[in-house]
Structures are given as structure tokens and as C-alpha cells.
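Beneath this line is the structure, given in C-alpha cells, with notes to follow.
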Amino acid sequence: MQALTRRLARAINAESQELAAVLAGFALFFCLFAGYFMLRPIREAMGITGGVNNLQWLFSATFVAMLLAVPLLAWLNSKVPRIHFIDWVYGFFCLNLLVFVLLFRLDHDSLWLARVFYVWISVYNLFVVSVAWSLMADVFDGAQARRLFAFIAAGASVGGLCGPLLSALLVGIVGESGLMLMAAVLLGAAMALKRYLMTWRERQGAGRPGAVSRENPRRPVPGNPFSGLTRMLGSRYLLGIGAFILLLTSVSTFLYFEQARLVAELFPDRAAQVRVFGVIDFVVQAGALTAQLFITGRVAQKLGVRVLLSIVPALVCLGFVGLALAPTFAMLAGLMIVRRIGEYALVRPGREMLFAPLDAESKYKVKNFIDTVVYRGGDALSGWAKAGLDLLGQGAWLVAMVGALCAALWGVLGWYLGGRADRDAERQARAEPS
């Protein structure tokens, strides 16, 4: 049994004593993403139900919801011990899902319910994923993150594969409310896995040399409800991460709006839209999983975080130029798939590695502020910018060229941030005793 454990640990680039925790992290992300990706096709279809031309309003409503929710989350983080914080967050969203189950059974075709659900799940996704990565950055130190985060992120891709497949297969049987109930059960399973990880952290992680993340998890995170913003504004490094996220969302939003417009034109039936979005999500997650298992970890160790954070923007920049020259659905779909695979497989693990060496306040409050308010603020700004570009009547080529410029800036910033993370990791490795 021990020999099998050692082989499995070697296969995923882990040490034997880390294996159980790494598998728990993998399973936690599987549960989160399987549940979310069962609901994502429903969200996309409901966004179309409210009118493609109104998507920028939904993005703005999501941003406002984030502005209201983030201070409450930070306040809770300052009052509740870190070891219990995620229980409160996930428990709250479980209850929300059960309420939506009831509401959709009562009035399935309500336009305003569709809009509320679209905004809610956009908030839900960022919060549950952001605090999960805060947990991982808390449980594992910087050196472990470089070795293990790619495999842990693969759990998200496996969940992302199963979620849209289940959605496409079961939506006609259990309906949208049934999928929401299944997502609530999976979120409850993620809470149980989180408890194991924090117990493992206390048992195995205490006393690791040079790791600032060893702060006592039985105490609340210091700071006030707005310290995420103030800490970010006081650090060039954290401001750079915020700008990186803004550029990422600009690129993503331009592509998302074009995808929604084309799917609305080609597939007018909502059930058909759910299936189409489910198939797209399945293809993306399959590609992301392959990259996470065979590419991401090797790139991070051999070429560094800077390559993880810059190669996808470079490819997207080239893709936008191609879209300007040939604005077809096939080109758009290909670019959308490349962008999403690259984000899940390379950019997301890479940007989480940026937080691993930082203190608890940065990992929870600053990170959650960037992942929620900054992210959705970028969505809202980009949505209105896209609407403004459309009003100019220059067609897809103008949007594509603006997208190419944003992607180029995104890549330059990723190269800078990744380079700093690589230098910090090298200094930490030299400082730790052999």
C-alpha cells in the first residue's frame, strides 16, 4: 500500500504526506465545478431570455451586487475564525440554491426570476471559487503551490466535464430546479472536504520554515470590511494583480457578448441553448483537463509562472487579429475555446500562485476583493465598452482590434507579475534550510 501511495504521489508531483490533502483539494474543486457547470448553461440561457441587448445591464447589476456583498463577506471574515469562515459562506449559498429550487417550481417562465438567477449565479461562482483558492493558498505554501496547484485545478476541469454533460442529459428529466438541487448537494460535500483540509493543515503544516501562511486559523483574519481595497491600493504588486484581472475580464467579456449574440440567432429555443452551452463547456473542460495533467505543472516548474501568465494572452491577441480579418462563427468559437482552456489550465493556477507566499489578510480579503469586485467591475465596464463600440457601427473588426490591444497589455502585465513571483520563489528556496 505504501508503495502504491508513493507511486501515486510521484505521478502528481506530490510528497507522500501531501497526497491525501492534494486529493481532497482535487475533490473539493470537482464538487464546486460540477455543481456550477450544471447551472452555467441555465445561466447562459436565462441571460438570452432577458435579451442579448440587455446583457450589459445584467453585468452592471452583478457588479452592484458585488459592491454590497464584499464588505459583508470581509466583515464576516473579521468576526469568524478562518477555520469556520468557508462553512458560513457555503452554507449561505446552499440555502440560496434551495430557495431557487422552490421559486423555479412555482414560476418557471418568470423573466425577472431569470434575471435574478443570472445575477445571483454570477456572484455565487466568483465567491465560492475565490474562497476555495484562498483556502488552498492557506493550506499549501508557495513551493507546494508550484508543484500541486495544477493537479488541484484539474479537479475543477473534471467537475467542469461532468457538470455540462449532466446538465445536457438531465435537464429534460429533472428540469432546471432538479439541477439546482444537485448543485446544492455537491456544495455541501465541498464543505466536508474543506474541514478535512483545515484539519490536515493544522496537523501537518504547522511550523514549516519561512511560510507566512502558518498564522493561526482559529482566529479571524485581521482588518476591517474595506481592508481588501485599502491593502490593494497600498501595494504595487496587488494593484498589478488587479489590473491583470481587469484586462482578463475585458477580453473575456468581448468574446462572451459575441457568443451570446450568435447563439441567440442560431438557437432560439431555451432548452436547445442549454444543450449548446453544455457541449461548449464540455469541450473546454476536456481541453483544460488535458493541459492541467500534462502541461501546467511542467511549465510552472521549468519555465516559471511568467510563462503561465503570458502565453495565453499572446495567443488570444493573435486570435483577435484573426477574428478582425475573418469575423466568422467558427473563428469566434475557436478563439473562445482557446481563451477558456488557457484560462482554466494556465492563467488560473498561475494567478493563484501569486498569492501563496502572502499573509492571511492578502489571501482572504485582498484576494476576494480582486476576485469579486474588481472582476465583476471589469465585466461591467467591458460590457458598456462593447455596447459603445457596437454603436459606432464598424462591425466585428473594431471590437476585435480593441480586444487584441487589451490582450497584448494583459500579456505584458502577466510577464511582469509572473517574473516577480518566480524571483520570490527562488529567494524562498535559497532561504529554506536544506
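Every chain in the C-alpha cells takes a letter, A first, then B, and so on in the order presented; its residues are numbered from 1, and the ligands are numbered from 1 following the presented order.
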
Picked from segment 136-263 of chain A by DSSP as alpha helix (DSSP H), as a PyMOL selection string: chain A and resi 136-139+142-200+227-233+236-263

With only C-alpha atoms as the counted atoms, please give the residues lying no more than 10 Å from Ala27 of chain A, apart from itself and same-chain residues fewer than 3 positions off, as JSON, numbers by chain. {"A": [21, 22, 23, 24, 30, 31, 32, 33, 152, 153, 154, 155, 156, 158, 159, 189, 190, 193, 194]}

Report as JSON lines: every residue of segment 237-295 of chain A with an atom at most 8 Å from segment 392-406 of chain A, its closest pair of atoms, and their distance in Å to one decimal, counting only C-alpha atoms, with rows sorted by chain and ascending residue number.
{"residue": "A:Leu247", "atom": "CA", "partner": "A:Cys406", "partner_atom": "CA", "distance": 6.0}
{"residue": "A:Ser250", "atom": "CA", "partner": "A:Cys406", "partner_atom": "CA", "distance": 7.0}
{"residue": "A:Val251", "atom": "CA", "partner": "A:Gly403", "partner_atom": "CA", "distance": 5.6}
{"residue": "A:Phe254", "atom": "CA", "partner": "A:Gly403", "partner_atom": "CA", "distance": 7.0}

Rank A:Leu165, A:Val412, A:Val338, A:Arg298 by their smallest atom-to-atom distance to Ala243 of chain A, using only C-alpha atoms, and report the top residue only.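 Among the listed residues, the smallest separation from Ala243 of chain A belongs to A:Val412.
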
Choose the residue, out of A:Leu166, A:Ala330, A:Met46, A:Leu179, that has the smallest atom-to-atom separation from Gln273 of chain A; count only C-alpha atoms.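 Once distances to Gln273 of chain A are computed over only C-alpha atoms, the minimum belongs to A:Met46.
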
What lies within 6 Å of segment 100-114 of chain A using only C-alpha atoms, ignoring chain neighbours under 2 positions off, as number ranges by chain? A: 46, 97-98, 116-117, 177

Name the closest residue to Ala61 of chain A among the candidates A:Leu39, A:Val119, A:Leu4, A:Leu293; distances are taken between atoms, counting only C-alpha atoms.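 Distance minimum relative to Ala61 of chain A lands on A:Val119.
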
Excluding segment 57-60 of chain A and its own-chain neighbours fewer than 3 positions away, which residues fall within 6 Å of it when counting only C-alpha atoms? Please give them as a PyMOL selection string. chain A and resi 54+63+380

I'd like the interatomic distance between atom CA of Thr372 of chain A and atom CA of Val123 of chain A, to a tenth of an Å.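 Going from atom CA of Thr372 of chain A over to atom CA of Val123 of chain A, I get 7.6 Å.
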
Quick one: residues within 7 Å of segment 331-336 of chain A, only C-alpha atoms counted, chain neighbours fewer than 3 positions away excluded, as a list in words? Leu255, Val316, Gly319, Leu323, Pro327, Thr328, Arg339 and Arg340 of chain A

Among A:Val279, A:Ala356, A:Leu148, A:Leu325, Ala9 of chain A is approached most closely, using only C-alpha atoms, by A:Leu148

Using only C-alpha atoms, which residue out of A:Leu303, A:Ala272, A:Met232, A:Ile337 lies closest to Ser252 of chain A?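 Among the listed residues, the smallest separation from Ser252 of chain A belongs to A:Ile337.
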
Considering only C-alpha atoms, can you say which of A:Ala260, A:Leu248, A:Met38, A:Ala324 comes closest to Leu413 of chain A?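 Selected residue with least distance to Leu413 of chain A: A:Leu248.
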
With segment 82-89 of chain A as the partner and 9 Å as the cut-off, tabulate the residues of segment 143-209 of chain A that qualify, each row holding the nearest pair of atoms and their distance in Å to one decimal, using only C-alpha atoms, sorted by chain and rising number, as JSON lines.
{"residue": "A:Met191", "atom": "CA", "partner": "A:Asp87", "partner_atom": "CA", "distance": 6.1}
{"residue": "A:Ala192", "atom": "CA", "partner": "A:Asp87", "partner_atom": "CA", "distance": 8.8}
{"residue": "A:Lys194", "atom": "CA", "partner": "A:Ile86", "partner_atom": "CA", "distance": 7.8}
{"residue": "A:Arg195", "atom": "CA", "partner": "A:Ile83", "partner_atom": "CA", "distance": 7.7}
{"residue": "A:Met198", "atom": "CA", "partner": "A:Ile83", "partner_atom": "CA", "distance": 6.4}
{"residue": "A:Thr199", "atom": "CA", "partner": "A:Ile83", "partner_atom": "CA", "distance": 8.7}

Can you list, as a list in words, every protein, DNA or RNA residue that comes within 9 Å of Ala271 of chain A when you count only C-alpha atoms, leaving out same-chain residues fewer than 3 positions away?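 Near Ala271 of chain A, the qualifying residues are Ile42, Ala45, Ala168, Val171, Gly172, Val274, Arg275 and Val276 of chain A.
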
When you draw a straight line from atom CA of Phe329 of chain A to atom CA of Cys162 of chain A, how long is it in Å?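 Atom-to-atom, atom CA of Phe329 of chain A and atom CA of Cys162 of chain A are spaced 25.8 Å apart.
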